[in-house]
>>> print(open('input_11.txt').read())   # compact mmCIF, C-alpha atoms and all ligand atoms
# COMPACT_ATOMS: atom_id res chain seq x y z
CA MET A 253 56.36 105.25 -5.93
CA ARG A 254 58.66 102.29 -6.18
CA PRO A 255 56.07 99.49 -6.84
CA MET A 256 54.43 101.67 -9.54
CA THR A 257 57.72 101.99 -11.44
CA ALA A 258 58.23 98.25 -11.24
CA LYS A 259 54.74 97.68 -12.63
CA TRP A 260 55.44 99.96 -15.58
CA LEU A 261 58.75 98.32 -16.20
CA GLN A 262 56.98 94.96 -16.27
CA ILE A 263 54.41 96.20 -18.81
CA VAL A 264 57.11 97.62 -21.05
CA LEU A 265 59.18 94.43 -20.90
CA VAL A 266 56.25 92.10 -21.57
CA GLY A 267 54.98 94.37 -24.36
CA GLY A 268 58.45 94.52 -25.91
CA ALA A 269 58.85 90.77 -25.78
CA ALA A 270 55.44 90.28 -27.42
CA THR A 271 56.38 92.68 -30.22
CA LEU A 272 59.67 90.88 -30.80
CA LEU A 273 57.91 87.53 -30.84
CA ALA A 274 55.37 88.78 -33.39
CA ALA A 275 58.17 90.14 -35.60
CA TRP A 276 60.08 86.86 -35.34
CA ILE A 277 56.96 84.85 -36.30
CA ALA A 278 56.41 87.11 -39.33
CA VAL A 279 60.01 86.68 -40.50
CA ALA A 280 59.97 82.91 -39.88
CA ALA A 281 56.70 82.55 -41.82
CA THR A 282 58.06 84.30 -44.92
CA SER A 283 61.50 82.76 -44.94
CA ALA A 284 60.15 79.24 -44.35
CA ALA A 285 58.67 79.26 -47.85
CA VAL A 286 61.98 80.18 -49.54
CA PRO A 287 64.17 77.10 -49.81
CA ALA A 288 67.93 77.19 -49.51
CA PRO A 289 69.64 76.73 -52.91
CA GLU A 290 70.76 73.24 -51.83
CA ALA A 291 67.19 72.24 -50.93
CA LEU A 292 65.92 73.38 -54.34
CA TRP A 293 68.72 71.43 -56.04
CA LYS A 294 67.52 68.33 -54.15
CA SER A 295 63.96 68.85 -55.45
CA ILE A 296 65.36 69.21 -58.98
CA LYS A 297 67.29 65.96 -58.63
CA THR A 298 64.15 64.19 -57.42
CA LEU A 299 62.21 65.38 -60.49
CA LYS A 300 65.04 64.11 -62.68
CA GLN A 301 64.99 60.70 -60.98
CA GLN A 302 61.22 60.55 -61.42
CA HIS A 303 61.62 61.44 -65.10
CA ALA A 304 58.96 64.12 -64.50
CA ILE A 305 58.84 65.52 -68.03
CA MET A 306 56.89 68.79 -68.22
CA PRO A 307 53.58 68.23 -70.10
CA GLY A 308 53.71 69.90 -73.52
CA SER A 309 57.46 69.29 -73.85
CA ARG A 310 59.61 66.39 -75.12
CA PRO A 311 62.86 65.01 -73.74
CA PHE A 312 65.86 66.35 -75.70
CA GLN A 313 63.81 68.86 -77.66
CA ALA A 314 65.57 71.63 -79.56
CA GLY A 315 67.05 74.45 -77.47
CA SER A 316 68.30 77.79 -78.68
CA ARG A 317 72.04 78.06 -78.24
CA VAL A 318 75.12 75.89 -78.60
CA ALA A 319 75.08 75.61 -74.80
CA ASP A 320 71.57 74.16 -74.99
CA VAL A 321 71.26 72.46 -78.38
CA TYR A 322 68.96 70.05 -76.53
CA THR A 323 66.81 70.70 -73.48
CA VAL A 324 64.81 68.57 -71.08
CA ASP A 325 61.97 70.34 -69.22
CA LEU A 326 60.80 68.91 -65.92
CA SER A 327 57.88 69.95 -63.69
CA ASN A 328 56.54 69.02 -60.27
CA GLY A 329 52.98 68.05 -59.30
CA PRO A 330 51.36 71.51 -58.95
CA ALA A 331 52.80 72.68 -62.29
CA SER A 332 52.07 69.43 -64.17
CA ARG A 333 48.49 69.36 -62.89
CA ILE A 334 47.78 72.82 -64.29
CA ILE A 335 49.43 72.19 -67.69
CA GLY A 336 48.36 68.56 -68.10
CA PRO A 337 44.62 68.91 -68.73
CA LYS A 338 45.20 71.87 -71.09
CA GLY A 339 47.94 69.97 -72.88
CA LYS A 340 49.61 73.21 -73.91
CA ILE A 341 52.01 75.43 -72.00
CA THR A 342 50.69 78.51 -73.82
CA SER A 343 47.15 77.87 -72.46
CA VAL A 344 48.22 78.28 -68.82
CA THR A 345 47.86 81.84 -67.54
CA ARG A 346 48.60 81.31 -63.82
CA TYR A 347 50.72 78.72 -62.01
CA PRO A 348 49.83 77.82 -58.41
CA ALA A 349 52.24 78.49 -55.54
CA GLY A 350 54.70 75.62 -55.19
CA SER A 351 55.03 75.12 -58.96
CA LEU A 352 58.56 74.12 -59.96
CA LEU A 353 59.74 74.18 -63.58
CA VAL A 354 63.19 73.03 -64.63
CA LYS A 355 65.16 73.30 -67.88
CA GLU A 356 68.17 71.04 -68.24
CA ASN A 357 70.57 72.28 -70.89
CA TYR A 358 72.59 69.81 -72.97
CA ASP A 359 75.20 70.42 -75.66
CA ARG A 360 75.47 68.73 -79.08
CA ALA A 361 77.02 65.65 -77.47
CA ARG A 362 74.08 65.46 -75.02
CA LYS A 363 76.35 66.45 -72.16
CA LEU A 364 74.62 68.44 -69.39
CA THR A 365 75.92 72.04 -69.39
CA SER A 366 73.65 73.73 -66.80
CA VAL A 367 70.26 73.58 -65.13
CA ALA A 368 67.76 76.47 -64.81
CA ALA A 369 64.74 76.45 -62.51
CA MET A 370 61.83 78.63 -61.49
CA LEU A 371 59.84 78.12 -58.30
CA LYS A 372 56.58 79.95 -57.56
CA ILE A 373 56.44 81.21 -53.96
CA ASP A 374 53.42 83.09 -52.59
CA GLY A 375 54.32 86.77 -52.09
CA TYR A 376 57.99 86.30 -53.03
CA ASP A 377 58.21 88.88 -55.83
CA ARG A 378 54.80 90.44 -56.39
CA ASP A 379 56.02 92.68 -59.24
CA ASP A 380 57.18 89.68 -61.25
CA ARG A 381 54.68 86.90 -60.59
CA ASN A 382 56.43 85.51 -57.50
CA TRP A 383 58.99 83.35 -59.29
CA LEU A 384 62.30 82.53 -57.65
CA MET A 385 64.81 82.04 -60.47
CA ALA A 386 67.84 79.79 -60.11
CA SER A 387 70.63 78.30 -62.18
CA TYR A 388 73.14 75.59 -61.33
CA SER A 389 76.20 73.92 -62.80
CA PRO A 390 75.77 70.22 -63.73
CA ALA A 391 77.21 69.33 -60.31
CA GLY A 392 74.75 71.56 -58.46
CA LYS A 393 76.93 74.61 -57.84
CA VAL A 394 74.70 77.69 -57.53
CA LEU A 395 75.26 80.11 -60.44
CA SER A 396 72.38 82.49 -59.69
CA TYR A 397 69.53 82.47 -57.20
CA GLY A 398 66.63 84.70 -56.24
CA LYS A 399 65.00 87.61 -58.09
CA VAL A 400 67.52 87.31 -60.92
CA SER A 401 66.94 90.35 -63.11
CA THR A 402 68.29 88.90 -66.41
CA CYS A 403 66.08 85.81 -66.19
CA ILE A 404 63.05 87.92 -65.28
CA ALA A 405 63.67 90.54 -68.02
CA CYS A 406 63.46 87.87 -70.71
CA HIS A 407 60.73 85.68 -69.21
CA ARG A 408 58.55 88.78 -68.79
CA MET A 409 58.04 88.65 -72.57
CA VAL A 410 55.53 85.87 -71.96
CA SER A 411 53.66 87.54 -69.10
CA LYS A 412 50.36 86.25 -70.55
CA ALA A 413 51.59 82.72 -69.83
CA ASP A 414 52.79 83.71 -66.34
CA PHE A 415 56.45 84.03 -67.52
CA VAL A 416 56.63 80.48 -68.91
CA PHE A 417 57.78 79.90 -72.49
CA ALA A 418 56.65 77.03 -74.69
CA PRO A 419 59.64 75.15 -76.14
CA PRO A 420 60.76 75.53 -79.77
CA PRO A 421 59.26 75.46 -82.33
CA LEU A 422 56.07 76.63 -80.53
CA GLN A 423 57.66 79.85 -79.29
CA MET A 424 61.04 81.26 -80.25
CA LEU A 425 62.99 84.45 -79.73
CA PRO A 426 64.86 86.25 -82.51
CA VAL A 427 68.64 85.79 -82.62
CA SER A 428 68.95 89.52 -81.82
CA VAL A 429 67.20 88.98 -78.46
CA TRP A 430 69.43 86.04 -77.51
CA LYS A 431 72.48 88.09 -78.49
CA ALA A 432 71.32 91.02 -76.38
CA PHE A 433 71.18 88.79 -73.29
CA PHE A 434 74.06 86.41 -74.06
CA PRO A 435 76.50 88.31 -76.35
CA THR A 436 79.17 85.60 -76.23
CA GLN A 437 76.92 82.58 -76.79
CA ALA A 438 76.50 81.06 -80.25
CA ILE A 439 73.05 80.14 -81.55
CA SER A 440 72.31 76.49 -82.34
CA PRO A 441 72.13 75.81 -86.12
CA THR A 442 68.92 73.81 -85.53
CA TYR A 443 67.34 76.85 -83.84
CA ARG A 444 68.25 79.06 -86.80
CA LYS A 445 66.51 76.59 -89.13
CA LEU A 446 63.42 76.49 -86.91
CA LEU A 447 63.32 80.30 -86.83
CA ALA A 448 63.36 80.37 -90.62
CA SER A 449 60.68 77.67 -91.02
CA HIS A 450 58.33 78.93 -88.25
CA PRO A 451 58.29 82.74 -88.56
CA GLU A 452 54.81 82.81 -86.93
CA ALA A 453 56.26 81.38 -83.70
CA VAL A 454 58.79 84.17 -83.21
CA ILE A 455 58.01 86.54 -80.33
CA GLY A 456 59.80 89.47 -78.73
CA GLY A 457 60.96 91.11 -81.94
CA ALA A 458 59.68 91.89 -85.42
CA ARG A 459 62.05 89.62 -87.35
CA PRO A 460 64.17 86.54 -86.58
C1 LIG A 501 66.99 85.73 -73.53
C2 LIG A 501 65.86 85.17 -72.89
C3 LIG A 501 65.99 84.28 -71.69
C4 LIG A 501 66.75 84.45 -70.57
C5 LIG A 501 67.71 85.59 -70.25
C6 LIG A 501 66.46 83.33 -69.71
N1 LIG A 501 65.53 82.51 -70.28
FE1 LIG A 501 64.71 80.85 -69.46
N2 LIG A 501 63.81 80.42 -71.23
C7 LIG A 501 63.80 81.23 -72.35
C8 LIG A 501 63.08 80.57 -73.43
C9 LIG A 501 62.80 81.15 -74.80
C10 LIG A 501 62.67 79.32 -72.93
C11 LIG A 501 61.90 78.22 -73.68
C12 LIG A 501 62.82 77.08 -74.05
C13 LIG A 501 63.86 77.41 -75.08
O1 LIG A 501 63.64 78.30 -75.92
O2 LIG A 501 64.92 76.76 -75.06
C14 LIG A 501 63.12 79.27 -71.53
C15 LIG A 501 62.86 78.23 -70.67
C16 LIG A 501 63.12 78.25 -69.32
C17 LIG A 501 62.62 77.29 -68.36
C18 LIG A 501 61.64 76.16 -68.64
C19 LIG A 501 60.22 76.73 -68.44
C20 LIG A 501 59.82 77.64 -69.60
O3 LIG A 501 59.64 78.86 -69.39
O4 LIG A 501 59.75 77.12 -70.73
C21 LIG A 501 63.13 77.66 -67.15
C22 LIG A 501 62.88 76.96 -65.83
C23 LIG A 501 63.95 78.83 -67.36
N3 LIG A 501 63.91 79.17 -68.69
C24 LIG A 501 64.63 79.49 -66.34
C25 LIG A 501 65.49 80.57 -66.58
C26 LIG A 501 66.38 81.12 -65.56
C27 LIG A 501 66.48 80.65 -64.14
C28 LIG A 501 67.08 82.12 -66.16
C29 LIG A 501 68.17 82.98 -65.58
C30 LIG A 501 69.28 82.31 -64.98
C31 LIG A 501 66.59 82.21 -67.55
N4 LIG A 501 65.64 81.26 -67.74
C32 LIG A 501 67.03 83.14 -68.47
C33 LIG A 501 64.35 82.48 -72.44
C34 LIG A 501 65.23 83.04 -71.51
>>> encode(input="input_11.txt", output="structure tokens")
Amino acid sequence: MRPMTAKWLQIVLVGGAATLLAAWIAVAATSAAVPAPEALWKSIKTLKQQHAIMPGSRPFQAGSRVADVYTVDLSNGPASRIIGPKGKITSVTRYPAGSLLVKENYDRARKLTSVAAMLKIDGYDRDDRNWLMASYSPAGKVLSYGKVSTCIACHRMVSKADFVFAPPPLQMLPVSVWKAFFPTQAISPTYRKLLASHPEAVIGGARP
């Protein structure tokens, strides 16, 4: 009886080890695609050094709030290649995995106030188009990272464009929407003027 028991024990141990290995491979494969916040910040800094302005945007274009009176949008290769030929952000309906979009926020004095980013990762968040959302201080301190519900709730308004907004004055949100998300933040006077002069560009609410 003794050798038989040993045989069974061997089968169980080998089988168990194989199962553990398979589970480990599965976990490693998914987590490998999700960068650490510091690694994403590095990619953002590289785009900035390369002056990789997102096609369809302009450096120091109008932003919406006093915290982002001016914005600079950056994009990496996969994102730029899908927007570039179309020339318009609103014409893109799906971004490929690996797409990285960045919005640098500057105040009235053109001082950097914060940096927001979205990175498309295959299978990361199937309910919300697989975007990892992140925000950083000007020095790279992580302010939010992951499936950030506030970012997603607003960006979902442009689900036709795969959660990517076109910059003002092409697309704008009513003051009431900004206030709902950021009650303490003041709206940029330039944005208010653009809202008044481009009522057709306002989305996410009946009136500016
Ligand atoms: C209240 C709505 C709202 C919220 C909340 C919001 N965004 Fe945005 N975001 C916008 C709009 C509108 C634009 C277009 C540029 C502009 O209006 O300044 C934009 C632009 C961007 C861009 C440039 C790409 C694009 O879509 O144009 C990135 C990247 C971005 N946001 C990331 C984030 C992240 C990360 C968060 C959360 C930390 C966030 N956003 C929260 C409305 C929002």
>>> residues_near_ligand(input="input_11.txt", ligand="ligand LIG 501 (chain A)", cutoff="6 Å", atoms="only C-alpha atoms and all ligand atoms", output="CSV table (one decimal) with C-alpha atoms, keeping the file's coordinate frame")
chain,number,residue,atom,x,y,z
A,315,GLY,CA,67.0,74.4,-77.5
A,316,SER,CA,68.3,77.8,-78.7
A,325,ASP,CA,62.0,70.3,-69.2
A,353,LEU,CA,59.7,74.2,-63.6
A,354,VAL,CA,63.2,73.0,-64.6
A,355,LYS,CA,65.2,73.3,-67.9
A,368,ALA,CA,67.8,76.5,-64.8
A,369,ALA,CA,64.7,76.4,-62.5
A,370,MET,CA,61.8,78.6,-61.5
A,385,MET,CA,64.8,82.0,-60.5
A,386,ALA,CA,67.8,79.8,-60.1
A,387,SER,CA,70.6,78.3,-62.2
A,402,THR,CA,68.3,88.9,-66.4
A,403,CYS,CA,66.1,85.8,-66.2
A,406,CYS,CA,63.5,87.9,-70.7
A,407,HIS,CA,60.7,85.7,-69.2
A,416,VAL,CA,56.6,80.5,-68.9
A,417,PHE,CA,57.8,79.9,-72.5
A,418,ALA,CA,56.6,77.0,-74.7
A,419,PRO,CA,59.6,75.2,-76.1
A,420,PRO,CA,60.8,75.5,-79.8
A,424,MET,CA,61.0,81.3,-80.2
A,425,LEU,CA,63.0,84.4,-79.7
A,429,VAL,CA,67.2,89.0,-78.5
A,430,TRP,CA,69.4,86.0,-77.5
A,433,PHE,CA,71.2,88.8,-73.3
>>> atom_distance(input="input_11.txt", atom1="CA of Asp359 in chain A", atom2="CA of Thr436 in chain A")
15.7 Å
>>> residues_around(input="input_11.txt", residues="Lys300 in chain A", least_positions_apart="5", cutoff="12 Å", atoms="all atoms listed in the file", output="JSON list (two decimals) with C-alpha atoms, in the frame of the given file")
[["chain", "number", "residue", "atom", "x", "y", "z"],
["A", 293, "TRP", "CA", 68.72, 71.43, -56.04],
["A", 294, "LYS", "CA", 67.52, 68.33, -54.15],
["A", 295, "SER", "CA", 63.96, 68.85, -55.45],
["A", 305, "ILE", "CA", 58.84, 65.52, -68.03],
["A", 306, "MET", "CA", 56.89, 68.79, -68.22],
["A", 311, "PRO", "CA", 62.86, 65.01, -73.74],
["A", 324, "VAL", "CA", 64.81, 68.57, -71.08],
["A", 325, "ASP", "CA", 61.97, 70.34, -69.22],
["A", 326, "LEU", "CA", 60.80, 68.91, -65.92],
["A", 327, "SER", "CA", 57.88, 69.95, -63.69],
["A", 328, "ASN", "CA", 56.54, 69.02, -60.27],
["A", 353, "LEU", "CA", 59.74, 74.18, -63.58],
["A", 354, "VAL", "CA", 63.19, 73.03, -64.63],
["A", 355, "LYS", "CA", 65.16, 73.30, -67.88],
["A", 356, "GLU", "CA", 68.17, 71.04, -68.24],
["A", 367, "VAL", "CA", 70.26, 73.58, -65.13]]
>>> residues_near_point(input="input_11.txt", point="(56.6, 89.1, -60.4)", cutoff="12 Å", atoms="only C-alpha atoms", output="MDAnalysis selection string")
chainID A and resid 346 370:385 398:401 403:405 407:408 411 414:415
>>> closest_residue(input="input_11.txt", among="A:Ser351, A:Gln423, A:Thr345, A:Ser366", to="Leu395 in chain A", atoms="all atoms listed in the file")
A:Ser366
>>> closest_residue(input="input_11.txt", among="A:Ile296, A:Leu422, A:Val394, A:Val410", to="Pro451 in chain A", atoms="only C-alpha atoms")
A:Leu422
>>> axis_aligned_box(input="input_11.txt", around="range 431-445 of chain A", padding_each_side="8 Å", output="AutoDock Vina command-line options")
--center_x 72.8 --center_y 82.4 --center_z -81.2 --size_x 28.7 --size_y 33.2 --size_z 31.8
>>> closest_residue(input="input_11.txt", among="A:Leu352, A:Lys363, A:Pro426, A:Pro307", to="Pro337 in chain A", atoms="all atoms listed in the file")
A:Pro307
>>> closest_residue(input="input_11.txt", among="A:Ile455, A:Ala361, A:Ala349, A:Ala432", to="Met409 in chain A", atoms="only C-alpha atoms")
A:Ile455
>>> atom_distance(input="input_11.txt", atom1="CA of Val286 in chain A", atom2="CA of Ala331 in chain A")
17.4 Å
>>> residues_around(input="input_11.txt", residues="Thr442 in chain A", least_positions_apart="5", cutoff="12 Å", atoms="only C-alpha atoms", output="list in words")
Gln313, Ala314, Gly315, Ser316, Arg317, Val318, Asp320, Val321, Tyr322, Arg360, Pro420, Pro421, Leu447, Ala448 and Ser449 of chain A
>>> closest_residue(input="input_11.txt", among="A:Ser343, A:Ala413, A:Thr365, A:Gly329", to="Gly392 in chain A", atoms="only C-alpha atoms")
A:Thr365
>>> closest_residue(input="input_11.txt", among="A:Ala453, A:Ala288, A:Gly339, A:Ala319", to="Pro441 in chain A", atoms="all atoms listed in the file")
A:Ala319
>>> atom_distance(input="input_11.txt", atom1="CA of Ser332 in chain A", atom2="CA of Gly308 in chain A")
9.5 Å
>>> decode(input="input_11.txt", residues="range 420-447 of chain A", atoms="N, CA and C atoms", output="PDB file, in the first residue's frame")
ATOM      1  N   PRO A 420     -11.655  72.890 -26.366  1.00  0.00           N
ATOM      2  CA  PRO A 420     -12.449  74.076 -26.685  1.00  0.00           C
ATOM      3  C   PRO A 420     -11.817  74.825 -27.865  1.00  0.00           C
ATOM      4  N   PRO A 421     -12.573  75.448 -28.751  1.00  0.00           N
ATOM      5  CA  PRO A 421     -14.040  75.575 -28.687  1.00  0.00           C
ATOM      6  C   PRO A 421     -14.790  74.476 -29.433  1.00  0.00           C
ATOM      7  N   LEU A 422     -14.122  73.368 -29.794  1.00  0.00           N
ATOM      8  CA  LEU A 422     -14.792  72.317 -30.575  1.00  0.00           C
ATOM      9  C   LEU A 422     -15.855  71.588 -29.759  1.00  0.00           C
ATOM     10  N   GLN A 423     -15.514  71.296 -28.500  1.00  0.00           N
ATOM     11  CA  GLN A 423     -16.471  70.674 -27.590  1.00  0.00           C
ATOM     12  C   GLN A 423     -16.325  71.348 -26.238  1.00  0.00           C
ATOM     13  N   MET A 424     -17.438  71.685 -25.636  1.00  0.00           N
ATOM     14  CA  MET A 424     -17.380  72.308 -24.299  1.00  0.00           C
ATOM     15  C   MET A 424     -18.516  71.777 -23.435  1.00  0.00           C
ATOM     16  N   LEU A 425     -18.301  71.853 -22.135  1.00  0.00           N
ATOM     17  CA  LEU A 425     -19.320  71.421 -21.181  1.00  0.00           C
ATOM     18  C   LEU A 425     -19.918  72.657 -20.525  1.00  0.00           C
ATOM     19  N   PRO A 426     -21.207  72.609 -20.199  1.00  0.00           N
ATOM     20  CA  PRO A 426     -21.828  73.748 -19.526  1.00  0.00           C
ATOM     21  C   PRO A 426     -21.168  73.996 -18.166  1.00  0.00           C
ATOM     22  N   VAL A 427     -21.217  75.235 -17.724  1.00  0.00           N
ATOM     23  CA  VAL A 427     -20.672  75.590 -16.403  1.00  0.00           C
ATOM     24  C   VAL A 427     -21.288  74.692 -15.332  1.00  0.00           C
ATOM     25  N   SER A 428     -22.585  74.401 -15.471  1.00  0.00           N
ATOM     26  CA  SER A 428     -23.272  73.579 -14.455  1.00  0.00           C
ATOM     27  C   SER A 428     -22.624  72.201 -14.312  1.00  0.00           C
ATOM     28  N   VAL A 429     -22.136  71.639 -15.412  1.00  0.00           N
ATOM     29  CA  VAL A 429     -21.484  70.317 -15.347  1.00  0.00           C
ATOM     30  C   VAL A 429     -20.137  70.428 -14.628  1.00  0.00           C
ATOM     31  N   TRP A 430     -19.350  71.444 -14.990  1.00  0.00           N
ATOM     32  CA  TRP A 430     -18.063  71.638 -14.305  1.00  0.00           C
ATOM     33  C   TRP A 430     -18.276  71.810 -12.810  1.00  0.00           C
ATOM     34  N   LYS A 431     -19.312  72.615 -12.477  1.00  0.00           N
ATOM     35  CA  LYS A 431     -19.593  72.892 -11.055  1.00  0.00           C
ATOM     36  C   LYS A 431     -20.026  71.639 -10.314  1.00  0.00           C
ATOM     37  N   ALA A 432     -20.746  70.756 -11.014  1.00  0.00           N
ATOM     38  CA  ALA A 432     -21.193  69.516 -10.380  1.00  0.00           C
ATOM     39  C   ALA A 432     -19.995  68.643 -10.004  1.00  0.00           C
ATOM     40  N   PHE A 433     -18.971  68.650 -10.853  1.00  0.00           N
ATOM     41  CA  PHE A 433     -17.784  67.820 -10.592  1.00  0.00           C
ATOM     42  C   PHE A 433     -16.748  68.513  -9.713  1.00  0.00           C
ATOM     43  N   PHE A 434     -16.597  69.837  -9.921  1.00  0.00           N
ATOM     44  CA  PHE A 434     -15.572  70.584  -9.186  1.00  0.00           C
ATOM     45  C   PHE A 434     -16.219  71.811  -8.539  1.00  0.00           C
ATOM     46  N   PRO A 435     -17.005  71.620  -7.462  1.00  0.00           N
ATOM     47  CA  PRO A 435     -17.786  72.718  -6.873  1.00  0.00           C
ATOM     48  C   PRO A 435     -16.944  73.923  -6.444  1.00  0.00           C
ATOM     49  N   THR A 436     -15.679  73.693  -6.075  1.00  0.00           N
ATOM     50  CA  THR A 436     -14.885  74.804  -5.549  1.00  0.00           C
ATOM     51  C   THR A 436     -14.036  75.493  -6.627  1.00  0.00           C
ATOM     52  N   GLN A 437     -14.048  74.960  -7.839  1.00  0.00           N
ATOM     53  CA  GLN A 437     -13.173  75.529  -8.874  1.00  0.00           C
ATOM     54  C   GLN A 437     -13.878  76.573  -9.729  1.00  0.00           C
ATOM     55  N   ALA A 438     -13.208  77.708  -9.922  1.00  0.00           N
ATOM     56  CA  ALA A 438     -13.790  78.790 -10.723  1.00  0.00           C
ATOM     57  C   ALA A 438     -13.580  78.515 -12.215  1.00  0.00           C
ATOM     58  N   ILE A 439     -14.533  78.975 -13.010  1.00  0.00           N
ATOM     59  CA  ILE A 439     -14.465  78.793 -14.470  1.00  0.00           C
ATOM     60  C   ILE A 439     -13.632  79.921 -15.077  1.00  0.00           C
ATOM     61  N   SER A 440     -12.831  79.581 -16.084  1.00  0.00           N
ATOM     62  CA  SER A 440     -12.010  80.581 -16.765  1.00  0.00           C
ATOM     63  C   SER A 440     -12.907  81.566 -17.530  1.00  0.00           C
ATOM     64  N   PRO A 441     -12.631  82.879 -17.417  1.00  0.00           N
ATOM     65  CA  PRO A 441     -13.434  83.876 -18.152  1.00  0.00           C
ATOM     66  C   PRO A 441     -13.421  83.623 -19.664  1.00  0.00           C
ATOM     67  N   THR A 442     -12.281  83.165 -20.189  1.00  0.00           N
ATOM     68  CA  THR A 442     -12.185  82.859 -21.627  1.00  0.00           C
ATOM     69  C   THR A 442     -13.169  81.747 -22.003  1.00  0.00           C
ATOM     70  N   TYR A 443     -13.265  80.740 -21.140  1.00  0.00           N
ATOM     71  CA  TYR A 443     -14.180  79.613 -21.392  1.00  0.00           C
ATOM     72  C   TYR A 443     -15.626  80.091 -21.424  1.00  0.00           C
ATOM     73  N   ARG A 444     -15.960  80.988 -20.497  1.00  0.00           N
ATOM     74  CA  ARG A 444     -17.334  81.528 -20.472  1.00  0.00           C
ATOM     75  C   ARG A 444     -17.648  82.230 -21.785  1.00  0.00           C
ATOM     76  N   LYS A 445     -16.673  82.995 -22.301  1.00  0.00           N
ATOM     77  CA  LYS A 445     -16.878  83.701 -23.578  1.00  0.00           C
ATOM     78  C   LYS A 445     -17.054  82.706 -24.717  1.00  0.00           C
ATOM     79  N   LEU A 446     -16.232  81.662 -24.720  1.00  0.00           N
ATOM     80  CA  LEU A 446     -16.329  80.642 -25.775  1.00  0.00           C
ATOM     81  C   LEU A 446     -17.678  79.921 -25.712  1.00  0.00           C
ATOM     82  N   LEU A 447     -18.156  79.668 -24.496  1.00  0.00           N
ATOM     83  CA  LEU A 447     -19.467  79.013 -24.340  1.00  0.00           C
ATOM     84  C   LEU A 447     -20.567  79.876 -24.972  1.00  0.00           C
TER      85      LEU A 447
END
